[in-house]
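First the structure, in the form of C-alpha cells, and then the observations on it.
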Amino acid sequence: MLMRHTQGVANLKVLSLPVLLALLGPALGADLPKCLFVSSYHQGYAWSDGVERGLRQTLDGKCRLRQFDMDTKRKKSPAVKEAAALQAKALIESWQPDVVITADDNAAKYLVQPHYKEHPLPFVFCGVNWTAEEYGFPYTNVTGMIEVAPVQAMVDEARALVPGASRVLYIGADTATERKNAARLRKAAEKRGLAFEQRLAPSLATWIDAYRQGQAFDFIIIGSNAGISDWDERRAIAAIQPITQRLTVTSHDWMMPVSMLGMTKIPEEQGEWAGQVALQILGGAVPNSIPVIANRKWDLFLNRSLIRAAGVELPAQLSSKGKVYN
Amino acid sequence: MAVDTFNLERHKATATLLGVLVAVAALALAVRNDVRDADAEFTAQNGAIERLLTRRLDNLNASLRSLSGMHHAMTRLSQQELSAFAQEIAGSQPYVRAIVQLRLVDDAERGVYEEQFRESGFPTFGIAASDGNGNLTPSPRKPQYMPLNFVEPLNPALARYLGLDFYADPELKAALDRAAHSGQVAGAPSPTLAKQSFLLIKTVYKGFFVPDAAQERLAQVDGAYALLIDSSAFMAEILNESPMVGLRLSTWHGPAETVLFEKPAPSPSGPVAQWLPKHVDDVEIPLGPVRFGLLSERELDGQIFRPMRWITLITTFVGLYVAGALVVFTRLRAAEAASEAGEQLFREKERAQVTLQSIGEAVITTDPTGIVDFTNPAAEQLTGWRAADARGHHLNEIFSLVSETSGKPLPDPIARALRDHDESEAAAIMIRSDGGTTAVVENAAAIRDSEGNFTGAALIVRDVSRERELLREMAFQAAHDPLTRLINRRQFEREVAAVVEDAMSSNTCHALMYIDLDQFKTINDSCGHIGGDQLLKQVASHLGDSIRRLDRLARLGGDEFGVLLRDCSIDKALEVAEGLRRDVKDLRLRWEDKSFRVSLSVGLVAIDERSGSLEEVLRAADAACYVAKDQGRNRVHFYQPDDEMLARRSSDMQWLQLLREAIDRERLVLYGQTISPLHQDSQHPAMCELLVRMLDAEGHIVPPMTFIPAAERFSMMFDLDLWVIGSAFRQLSELWARHPQDPRIFTINLSGQSLDHPDLEHKIRQLEQQYSIDPYRICFEITETSVIANMDKALGLMDGLRQRGFLFALDDFGTGLSSFAYLKKLPVDYLKIDGEFVRDILQDPVDRAMVDTIQRIGGVLRMTTIAEAIEDAETCQLLTSMGIDYGQGYYLSRPGPLALESAASKVVTLRPNQSKRSV
C-alpha cells in the first residue's frame, strides 16, 4: 500500500513538470523571442559589464537573453579566439536565437565576419572601435554602433589646459585595440600640431616605466589597461602618485584611478543602442535599413586626489563641472 | 340634447388643442434652453482649449528660443552638449517626440561634411532625399542643402533620417524660408519623419545675434532647430475631454493656411441632429508675429437635450393649464351627464331591437297571463305567425310543446319559469297551429320590474331539427354498414344478445345464421374491389328480400353475413337457411359485362334456454360455418354440441392456443436440413433449409403437420413466419460473427398468408437492419401456388427484397403445370422440384421427363435447380447425371437441430440413408 502511494507521488511529479512548465512558460519568457549576447570579453571587465548593463536594461522582459563570453581579453592567442568563436557558433546553431548581439571587435572579427556574413540570421554589433571598415560592415544582416572616443575634444581640452604644449605621450596595453586607439589619437594630436608618441605595455612594470617616461612630455593620454594581465590597480596608483607631474587624461572611466581628467565614453550607450536595434529587427525591420552610427555621449570626471598630489591647477569652470571620481 | 352634447365635444376638442399648444410651447422653450446651454458649454470648452493650446505653443516657442539662443551664444556646440540640452527640453514636454538640428550646407562643402560624419562613426552617412515612401536616396547636387544633422533622442527609427535634406521637400523648404524670413517659429507637417506629427521650426543664423532685417536674415542662415510634435499626444487631453469637438490646428502665412493637425467632428447621431445648429469657433493664437489658427466645431445631436428638464417644464405649464381647464369642464360635464343618460337609454333600446331582429333564436314575450306582446322575425318564421297577428293572442294558440321522447304535452313554459325561479330550459317538439312539428329547445324566463314583481315572460325557442337529424344520421352510421346499409356486427351482436336474454327468460326459441360467401375473393380479384362491393350489395339485397321483416340481416364484415331469425324453430330455421343457400346459388350476379355465381356456407345455431351466453352462441355459429366450408362449401351446417366435425375444429383451436403459447414462451426451435451441391466441380456453396419445430409442455418435439394446419386455418402463419425469420436472423448474425467465411446460403419458407400480408417486407427489412444481416446469404422459399394466388403482392415483395440482395427459391415447383407460364415473370434464383416427381423417378418415365424438362427450362432461365425428397443413392445418381445442381432429402441429410457451426462448401458423398421426406 505504501509502495503504491509512493509510486503515485512519483507519477504526480512526472505529470506535474510539464504542467508546471506549461503554466509558468509565459512567466519564464517561453513565448518571447530569443536574443543571444556574445561578448568579446569576460564578465568583470568594466567596459563589457557596462555594455551588458545597457543591453539588459533595454531588453528586459522583451526577449529571452542568453550570454556567451568569448574571454578574448585574457586569452589572446588567435587560436583561442577562433575556438571561442566556434563555440559561439555552435551555441547559435543549437539554441537558434532570433537575433545575435555582439560586443567589441573580436566577436565581429572571429564570429560575424567569417561565419555570418550575409547570413539569414540578423546581427547587431556594438563596441567596434572607430570603424567597422575592416570587417566590411554593414552587411544586409548586420548593423550596429561604432565605439568612438571623444579624442579630438580630449586633445583640445588638454592642449587648452597646458598652454604651449607640443609633445604628448599615449600609454596603453599592448593590444590591437590600443593600437587602433593610438592611431586615432595620433591623428587628432597631429591635427593640432602636437608631437605624438606611444608606449604599449605588456605588463604593469612596463606600464609604470612608460608612465615615468611620460613625465618628460607635456601631457599624457592614458589608454586602456585591458590586456595587461598582471594589472594591479593599487600597485599602479602607489607607483604613480609620487612621480606624477604632468596632466593625464583618459577616455576610459576605469582608468580614472590613474588619470586626472576623464572624458569617458559611456559603455551603457553601446548596450542600449544594440538593444533598441535588436528590438526593431525583432519587430520586422531589415538590419541594414538601420544605419551604422557612432556613440556620441561622454562624461567629464576629475581625480581630485591625483590632481592635488601632482599640484596641477585646473580652471575653476572645469574644476566645478567635472564629476568627482570615487 | 344632441346639440348640447355636440357643443361639449367641441369644447373638449378646443381644450385639448389648447393643452397641446401649451405643451408644445413649453417644449419649444425647453429645447431653446438646451441649445443655449450647449452653446455656452461649447464656448466655455473652446476657451479652455484655446488657453491650453496657447500655453503649449508658448512653451514650445520658448524651447525653440532656448535652443536658438544657445546656438547663437556658443562658438562651438558639440553633439554631446546639444544632446544634454535637448534631453532636458524633451523630458519636460512629453508631446515633443524629437528635437532636430538642421545645418545649412553649401554644395561646395558637402563632401567634407559627409566625410567628417563618416569618419566619426557613421560609415553610411550622406545627404539624402526622401522618395515619398520613407526611402532615402542620395540627394542630387544643388547649391544648398539643409540636412538633418542631429536628433535627440537618437533611436533606430529616427537615426535613419540623419542626413535627410529638408530643402528637398518643398513644403518643408517653404516653412524653413518662412521661419528664416520672419525670424520666428514656422509650422509644417512632417509625414516623412513620423506619422501624425508636425514640426515647429526656428531658424538659427550665423554670428551671435539674429539679424534685424529680413533680407539679412535670409542671407545669414546657419541652420535651424525644430521640434517634432506628436499630434495625438499634443491634443490628447483636449480630445479626451471633448470627444464631440472637431479641431483643426494650422498656421497662417498671409492667406495661405498650413494644416498641422485635423480631426473632424463626429457625425451627429439621432433623427433630430439634422435640425440642430452647428457650433463653429475660429480663434487665432498669436505666437509672436506668426498666427496659429484653431478651428473648432461641434455638430449638435440629441445628447444635448435634458428630457427631465423638459418634463419638469412641460408638467408645470400643463399642470397650470389643466387646473384651469378642470374648473370649466366640471361645469360643462354636469350638463353633459344629463343629456348622456337619455342618449344611452335610447341607444340601448335601439341595440336590443336590432339584436332581437337579427338573432337566429325565436324570441316571444308575453304578459303575466301568457298573452303575446312581441315576436321577433325568427319567431315569425318558426311559428308561422306574423308579429302583428300574434300580438294579443295567447301563447297556446300559436303553438304547443310536447316531450321529445314521450310525446306528452309539456307544462306551460311561463308557469315553469315562475316555478323554476325565473329561468328554465327544455328540449321539446313544437306543434304549430297548422299541425307542423319542429324539434326545439326552449328557454323560458320570467320578467320582473325593479321591485321584483312578475310582469311577464320571455320565451326563447331554438330550432334544433337539423342537429337532431345529424344525431340520427350518426346513430345510424354507428350501427350500420355503409356499403349495404345493413346493420353492422356491433348492432347485430347487440340484438342477438337481447334475443339470447329473451330466450333464457321467456323460454322462446330463435335461430342464428353465420353466412360466408364461398370463393368471393376470386370475384374480388377479377372485378376489383368496386365490382366486389357492387356484387356484395346485390347479395345483401337478395338475402334481405328472402327473410321476414321481423328477422334481422347484418353484414358482419368482408363477405360474412349474419341472420337472426326471431321466434323461429330450428326446423324452420334449417328450411330458411337451405332456401337462402339455394336461392343465392341460383343467383346470377352481374358486374359490367361479366356474370358470376356465388355459393353460401351457412352455420346455423339454435338460440334457446340451453344455448348459453352470447359468446357461446356466436362461437357456435362461427364454428358451424367453418365446418360447412370445410366440408366443401355451399352447404348448411347445423350446430350440435356433440358434433364430430366441430370436435376437430375444436382440436385445431386447441393447437392454435398451443402455438400462440409456443411463440410467446419461445417453445419453437429451428431445425436445419442441408441442401448439397451434386457436382464435384460445382462452384455452388452448400445450402441449408431452416425448418420450424414446436416443443410441447414436456419438451417433446411436435411434428409440424400437427400445428401448421391450425396456424394456416386461423391466419397465424404470418406470426409463425416472422418468428422463424427473426430467430434465424439472430442466430445467423451470431454465426457469421464467429465464422465470417461460412459460405452457406440459408433458406427460409414464406407462407401464402405471409406473402399476402402488407407488413411482411417492412418487417423483414427491420429485422435485416436489427441483426445486420447479409441478404446475399438468405434465400426465401415460396410455393408456386402461393405466388400464383397472390401474384401482384408476391411480385412486389420479391422485387423489393431482391433489390436488397435477398434470394428467392420457388418451392414445390411442378405441382401446377400452369406454373410454366408464370416462370418467366417470376424473379427467382432457384427452382425446387417437387418431391412428387423425384420420389418415383427411377420407375416413372413421365416423372423423369418432367424433371428433365424443369432442368432444361431452369437452365434457359438461368435458374439453379434443386431436387427435393432424394431418398436413395440411385435417385441421387440419376439426378446428378441429369444436371440437377442441388439435392435435398433424407438420403443426403436429415433435418436436425440447427447446429450453426461453420461448414465449408462440400459436395455430397453418396451414401445410403433412410427414406423419408423432409418437412
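Each chain in the C-alpha cells gets a letter, A, B and so on, in the order shown; residues start at 1 in every chain, and ligands are counted from 1 in the order they appear.
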
Determine, counting only C-alpha atoms, which protein, DNA and RNA residues have an atom within 10 Å of an atom of Asp34 (chain B); residues of the same chain fewer than 2 positions away are not included. Present the result as a list of chain:residue names.
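Here the qualifying residues turn out to be B:Ala28, B:Leu29, B:Ala30, B:Val31, B:Arg32, B:Arg36, B:Asp37, B:Ala38, B:Asp39, B:Ala40, B:Gln303, B:Ile304, B:Phe305, B:Arg306, B:Pro307, B:Arg309, B:Trp310.
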
With all heavy atoms retained, export the selected residues as a compact mmCIF listing (two decimals), in the first residue's frame.
# COMPACT_ATOMS: atom_id res chain seq x y z
N ALA B 28 -40.86 73.84 -26.76
CA ALA B 28 -40.00 74.73 -27.54
C ALA B 28 -39.09 75.53 -26.62
O ALA B 28 -37.90 75.73 -26.90
CB ALA B 28 -40.86 75.65 -28.39
N LEU B 29 -39.67 75.97 -25.52
CA LEU B 29 -38.88 76.75 -24.56
C LEU B 29 -37.74 75.89 -23.99
O LEU B 29 -36.59 76.33 -23.88
CB LEU B 29 -39.80 77.23 -23.42
CG LEU B 29 -39.20 78.23 -22.45
CD1 LEU B 29 -38.80 79.51 -23.17
CD2 LEU B 29 -40.21 78.55 -21.34
N ALA B 30 -38.08 74.64 -23.66
CA ALA B 30 -37.07 73.74 -23.09
C ALA B 30 -35.96 73.45 -24.10
O ALA B 30 -34.78 73.46 -23.77
CB ALA B 30 -37.73 72.42 -22.66
N VAL B 31 -36.36 73.23 -25.37
CA VAL B 31 -35.37 72.97 -26.42
C VAL B 31 -34.45 74.17 -26.58
O VAL B 31 -33.23 74.05 -26.67
CB VAL B 31 -36.07 72.62 -27.76
CG1 VAL B 31 -35.08 72.61 -28.91
CG2 VAL B 31 -36.76 71.26 -27.65
N ARG B 32 -35.09 75.37 -26.61
CA ARG B 32 -34.27 76.58 -26.78
C ARG B 32 -33.26 76.70 -25.64
O ARG B 32 -32.11 77.05 -25.83
CB ARG B 32 -35.20 77.81 -26.81
CG ARG B 32 -34.53 79.01 -27.45
CD ARG B 32 -35.22 80.27 -27.05
NE ARG B 32 -35.05 80.49 -25.61
CZ ARG B 32 -35.17 81.68 -25.03
NH1 ARG B 32 -35.48 82.72 -25.73
NH2 ARG B 32 -35.02 81.83 -23.72
N ARG B 36 -29.23 76.67 -26.02
CA ARG B 36 -28.46 77.81 -25.48
C ARG B 36 -27.39 77.30 -24.50
O ARG B 36 -26.25 77.74 -24.54
CB ARG B 36 -29.44 78.75 -24.75
CG ARG B 36 -28.83 80.12 -24.43
CD ARG B 36 -29.80 80.93 -23.63
NE ARG B 36 -30.15 80.20 -22.40
CZ ARG B 36 -31.20 80.48 -21.63
NH1 ARG B 36 -32.01 81.45 -21.99
NH2 ARG B 36 -31.44 79.79 -20.54
N ASP B 37 -27.77 76.34 -23.67
CA ASP B 37 -26.79 75.79 -22.72
C ASP B 37 -25.65 75.10 -23.45
O ASP B 37 -24.48 75.19 -23.05
CB ASP B 37 -27.48 74.79 -21.78
CG ASP B 37 -28.41 75.51 -20.82
OD1 ASP B 37 -28.38 76.76 -20.80
OD2 ASP B 37 -29.17 74.81 -20.10
N ALA B 38 -26.02 74.32 -24.51
CA ALA B 38 -24.97 73.62 -25.27
C ALA B 38 -24.02 74.62 -25.90
O ALA B 38 -22.81 74.41 -25.96
CB ALA B 38 -25.62 72.75 -26.35
N ASP B 39 -24.59 75.75 -26.36
CA ASP B 39 -23.77 76.79 -26.97
C ASP B 39 -22.80 77.36 -25.94
O ASP B 39 -21.60 77.54 -26.20
CB ASP B 39 -24.71 77.88 -27.51
CG ASP B 39 -23.99 78.78 -28.47
OD1 ASP B 39 -23.09 78.27 -29.17
OD2 ASP B 39 -24.31 79.98 -28.54
N ALA B 40 -23.34 77.61 -24.76
CA ALA B 40 -22.50 78.18 -23.70
C ALA B 40 -21.42 77.19 -23.30
O ALA B 40 -20.25 77.55 -23.08
CB ALA B 40 -23.37 78.53 -22.50
N GLN B 303 -28.00 64.39 -27.78
CA GLN B 303 -27.44 64.24 -26.43
C GLN B 303 -27.45 65.55 -25.65
O GLN B 303 -27.26 65.55 -24.43
CB GLN B 303 -26.01 63.71 -26.53
CG GLN B 303 -25.97 62.28 -27.03
CD GLN B 303 -24.56 61.74 -27.07
OE1 GLN B 303 -23.62 62.40 -26.67
NE2 GLN B 303 -24.43 60.52 -27.57
N ILE B 304 -27.60 66.66 -26.35
CA ILE B 304 -27.60 67.94 -25.60
C ILE B 304 -28.90 68.11 -24.84
O ILE B 304 -28.98 68.95 -23.95
CB ILE B 304 -27.39 69.14 -26.55
CG1 ILE B 304 -28.60 69.30 -27.49
CG2 ILE B 304 -26.10 69.00 -27.35
CD1 ILE B 304 -28.64 70.65 -28.18
N PHE B 305 -29.90 67.36 -25.21
CA PHE B 305 -31.19 67.57 -24.59
C PHE B 305 -31.29 66.90 -23.23
O PHE B 305 -30.70 65.84 -23.02
CB PHE B 305 -32.30 67.05 -25.51
CG PHE B 305 -32.37 67.79 -26.82
CD1 PHE B 305 -32.27 67.11 -28.01
CD2 PHE B 305 -32.48 69.18 -26.84
CE1 PHE B 305 -32.30 67.80 -29.22
CE2 PHE B 305 -32.52 69.86 -28.05
CZ PHE B 305 -32.42 69.18 -29.24
N ARG B 306 -32.03 67.54 -22.36
CA ARG B 306 -32.21 67.01 -20.99
C ARG B 306 -33.70 66.78 -20.79
O ARG B 306 -34.43 67.68 -20.37
CB ARG B 306 -31.68 68.00 -19.98
CG ARG B 306 -30.19 68.26 -20.18
CD ARG B 306 -29.73 69.43 -19.38
NE ARG B 306 -28.38 69.80 -19.78
CZ ARG B 306 -27.76 70.89 -19.36
NH1 ARG B 306 -28.36 71.71 -18.53
NH2 ARG B 306 -26.55 71.15 -19.77
N PRO B 307 -34.12 65.60 -21.09
CA PRO B 307 -35.56 65.30 -21.06
C PRO B 307 -36.19 65.57 -19.70
O PRO B 307 -37.35 66.00 -19.63
CB PRO B 307 -35.64 63.81 -21.40
CG PRO B 307 -34.35 63.52 -22.09
CD PRO B 307 -33.35 64.46 -21.54
N ARG B 309 -35.61 67.95 -17.71
CA ARG B 309 -35.94 69.37 -17.60
C ARG B 309 -37.16 69.69 -18.45
O ARG B 309 -38.01 70.50 -18.08
CB ARG B 309 -34.74 70.20 -18.05
CG ARG B 309 -34.78 71.59 -17.48
CD ARG B 309 -33.43 72.22 -17.47
NE ARG B 309 -33.03 72.63 -18.81
CZ ARG B 309 -31.96 73.37 -19.07
NH1 ARG B 309 -31.19 73.75 -18.07
NH2 ARG B 309 -31.65 73.69 -20.30
N TRP B 310 -37.24 69.03 -19.60
CA TRP B 310 -38.44 69.22 -20.43
C TRP B 310 -39.68 68.80 -19.66
O TRP B 310 -40.69 69.51 -19.63
CB TRP B 310 -38.37 68.34 -21.69
CG TRP B 310 -37.26 68.68 -22.64
CD1 TRP B 310 -36.25 69.57 -22.45
CD2 TRP B 310 -37.05 68.11 -23.92
NE1 TRP B 310 -35.42 69.59 -23.53
CE2 TRP B 310 -35.89 68.71 -24.46
CE3 TRP B 310 -37.74 67.17 -24.67
CZ2 TRP B 310 -35.40 68.38 -25.71
CZ3 TRP B 310 -37.26 66.84 -25.91
CH2 TRP B 310 -36.09 67.45 -26.45

Kindly provide, as a list in words, the residues of chain B having any atom no farther than 7 Å from an atom of chain A, counting only C-alpha atoms.
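Using only C-alpha atoms, chain B residues at most 7 Å from chain A: Gln79, Gln80, Ser120, Gly121, Phe122, Pro123, Thr124, Pro156, Ala159 and Arg160 of chain B.
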
Can you spit out the residues from that selection as a PDB file, in the first residue's frame, using all heavy atoms?
ATOM      1  N   GLN B  79      27.927  67.798 -30.271  1.00  0.00           N
ATOM      2  CA  GLN B  79      26.701  66.972 -30.212  1.00  0.00           C
ATOM      3  C   GLN B  79      26.460  66.498 -28.795  1.00  0.00           C
ATOM      4  O   GLN B  79      25.327  66.311 -28.372  1.00  0.00           O
ATOM      5  CB  GLN B  79      26.825  65.781 -31.156  1.00  0.00           C
ATOM      6  CG  GLN B  79      26.859  66.203 -32.608  1.00  0.00           C
ATOM      7  CD  GLN B  79      26.125  65.226 -33.510  1.00  0.00           C
ATOM      8  OE1 GLN B  79      25.976  64.071 -33.176  1.00  0.00           O
ATOM      9  NE2 GLN B  79      25.688  65.719 -34.659  1.00  0.00           N
ATOM     10  N   GLN B  80      27.541  66.269 -28.067  1.00  0.00           N
ATOM     11  CA  GLN B  80      27.430  65.875 -26.669  1.00  0.00           C
ATOM     12  C   GLN B  80      26.700  66.939 -25.862  1.00  0.00           C
ATOM     13  O   GLN B  80      25.783  66.663 -25.108  1.00  0.00           O
ATOM     14  CB  GLN B  80      28.842  65.636 -26.129  1.00  0.00           C
ATOM     15  CG  GLN B  80      29.000  65.710 -24.649  1.00  0.00           C
ATOM     16  CD  GLN B  80      28.462  64.464 -23.972  1.00  0.00           C
ATOM     17  OE1 GLN B  80      28.056  63.514 -24.652  1.00  0.00           O
ATOM     18  NE2 GLN B  80      28.446  64.462 -22.668  1.00  0.00           N
ATOM     19  N   SER B 120      33.522  59.953 -38.205  1.00  0.00           N
ATOM     20  CA  SER B 120      33.192  59.960 -36.766  1.00  0.00           C
ATOM     21  C   SER B 120      32.262  58.800 -36.381  1.00  0.00           C
ATOM     22  O   SER B 120      31.624  58.820 -35.339  1.00  0.00           O
ATOM     23  CB  SER B 120      32.565  61.294 -36.387  1.00  0.00           C
ATOM     24  OG  SER B 120      31.363  61.457 -37.102  1.00  0.00           O
ATOM     25  N   GLY B 121      32.182  57.796 -37.225  1.00  0.00           N
ATOM     26  CA  GLY B 121      31.452  56.582 -36.828  1.00  0.00           C
ATOM     27  C   GLY B 121      30.120  56.396 -37.517  1.00  0.00           C
ATOM     28  O   GLY B 121      29.336  55.530 -37.109  1.00  0.00           O
ATOM     29  N   PHE B 122      29.845  57.160 -38.574  1.00  0.00           N
ATOM     30  CA  PHE B 122      28.592  56.996 -39.335  1.00  0.00           C
ATOM     31  C   PHE B 122      28.963  56.602 -40.767  1.00  0.00           C
ATOM     32  O   PHE B 122      28.928  57.444 -41.679  1.00  0.00           O
ATOM     33  CB  PHE B 122      27.787  58.296 -39.330  1.00  0.00           C
ATOM     34  CG  PHE B 122      27.289  58.685 -37.960  1.00  0.00           C
ATOM     35  CD1 PHE B 122      28.132  59.301 -37.036  1.00  0.00           C
ATOM     36  CD2 PHE B 122      25.980  58.426 -37.579  1.00  0.00           C
ATOM     37  CE1 PHE B 122      27.680  59.648 -35.775  1.00  0.00           C
ATOM     38  CE2 PHE B 122      25.524  58.777 -36.314  1.00  0.00           C
ATOM     39  CZ  PHE B 122      26.380  59.384 -35.403  1.00  0.00           C
ATOM     40  N   PRO B 123      29.395  55.369 -40.989  1.00  0.00           N
ATOM     41  CA  PRO B 123      30.031  54.994 -42.259  1.00  0.00           C
ATOM     42  C   PRO B 123      29.107  55.125 -43.471  1.00  0.00           C
ATOM     43  O   PRO B 123      29.593  55.241 -44.585  1.00  0.00           O
ATOM     44  CB  PRO B 123      30.418  53.538 -42.028  1.00  0.00           C
ATOM     45  CG  PRO B 123      29.553  53.046 -40.923  1.00  0.00           C
ATOM     46  CD  PRO B 123      29.316  54.232 -40.054  1.00  0.00           C
ATOM     47  N   THR B 124      27.787  55.108 -43.258  1.00  0.00           N
ATOM     48  CA  THR B 124      26.888  55.168 -44.416  1.00  0.00           C
ATOM     49  C   THR B 124      26.254  56.547 -44.571  1.00  0.00           C
ATOM     50  O   THR B 124      25.332  56.724 -45.354  1.00  0.00           O
ATOM     51  CB  THR B 124      25.758  54.129 -44.257  1.00  0.00           C
ATOM     52  OG1 THR B 124      25.085  54.383 -43.024  1.00  0.00           O
ATOM     53  CG2 THR B 124      26.304  52.719 -44.264  1.00  0.00           C
ATOM     54  N   PRO B 156      16.713  54.045 -33.286  1.00  0.00           N
ATOM     55  CA  PRO B 156      16.863  53.435 -34.614  1.00  0.00           C
ATOM     56  C   PRO B 156      15.853  53.977 -35.627  1.00  0.00           C
ATOM     57  O   PRO B 156      16.165  54.071 -36.807  1.00  0.00           O
ATOM     58  CB  PRO B 156      16.617  51.951 -34.344  1.00  0.00           C
ATOM     59  CG  PRO B 156      17.023  51.755 -32.929  1.00  0.00           C
ATOM     60  CD  PRO B 156      16.644  53.011 -32.228  1.00  0.00           C
ATOM     61  N   ALA B 159      17.237  57.547 -36.479  1.00  0.00           N
ATOM     62  CA  ALA B 159      18.639  57.597 -36.914  1.00  0.00           C
ATOM     63  C   ALA B 159      18.757  57.467 -38.431  1.00  0.00           C
ATOM     64  O   ALA B 159      19.671  58.025 -39.034  1.00  0.00           O
ATOM     65  CB  ALA B 159      19.423  56.474 -36.227  1.00  0.00           C
ATOM     66  N   ARG B 160      17.837  56.731 -39.012  1.00  0.00           N
ATOM     67  CA  ARG B 160      17.937  56.532 -40.463  1.00  0.00           C
ATOM     68  C   ARG B 160      17.679  57.812 -41.249  1.00  0.00           C
ATOM     69  O   ARG B 160      17.955  57.871 -42.440  1.00  0.00           O
ATOM     70  CB  ARG B 160      16.963  55.436 -40.912  1.00  0.00           C
ATOM     71  CG  ARG B 160      15.517  55.688 -40.613  1.00  0.00           C
ATOM     72  CD  ARG B 160      14.704  54.418 -40.767  1.00  0.00           C
ATOM     73  NE  ARG B 160      14.828  53.876 -42.120  1.00  0.00           N
ATOM     74  CZ  ARG B 160      13.918  54.036 -43.083  1.00  0.00           C
ATOM     75  NH1 ARG B 160      12.813  54.715 -42.823  1.00  0.00           N
ATOM     76  NH2 ARG B 160      14.083  53.519 -44.270  1.00  0.00           N
TER      77      ARG B 160
END

Write out as a count of residues only each polymer residue whose atoms come within 6 Å of region 211-224 of chain A, counting only C-alpha atoms; drop sequence neighbours fewer than 2 positions from it.
15

Might you pull out every residue within 10 Å of region 856-858 of chain B, with only C-alpha atoms counted and same-chain residues fewer than 5 positions away left off, and present them as a ChimeraX atom specification?
/B:820,823-824,829-831,850-851,863-865,882-884

Restricting the calculation to only C-alpha atoms, which member of B:Asp177, B:Asp230, B:Asp516, B:Glu501 is positioned closest to Arg633 (chain B)?
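When distances to Arg633 (chain B) are compared using only C-alpha atoms, the smallest one comes from B:Asp516.
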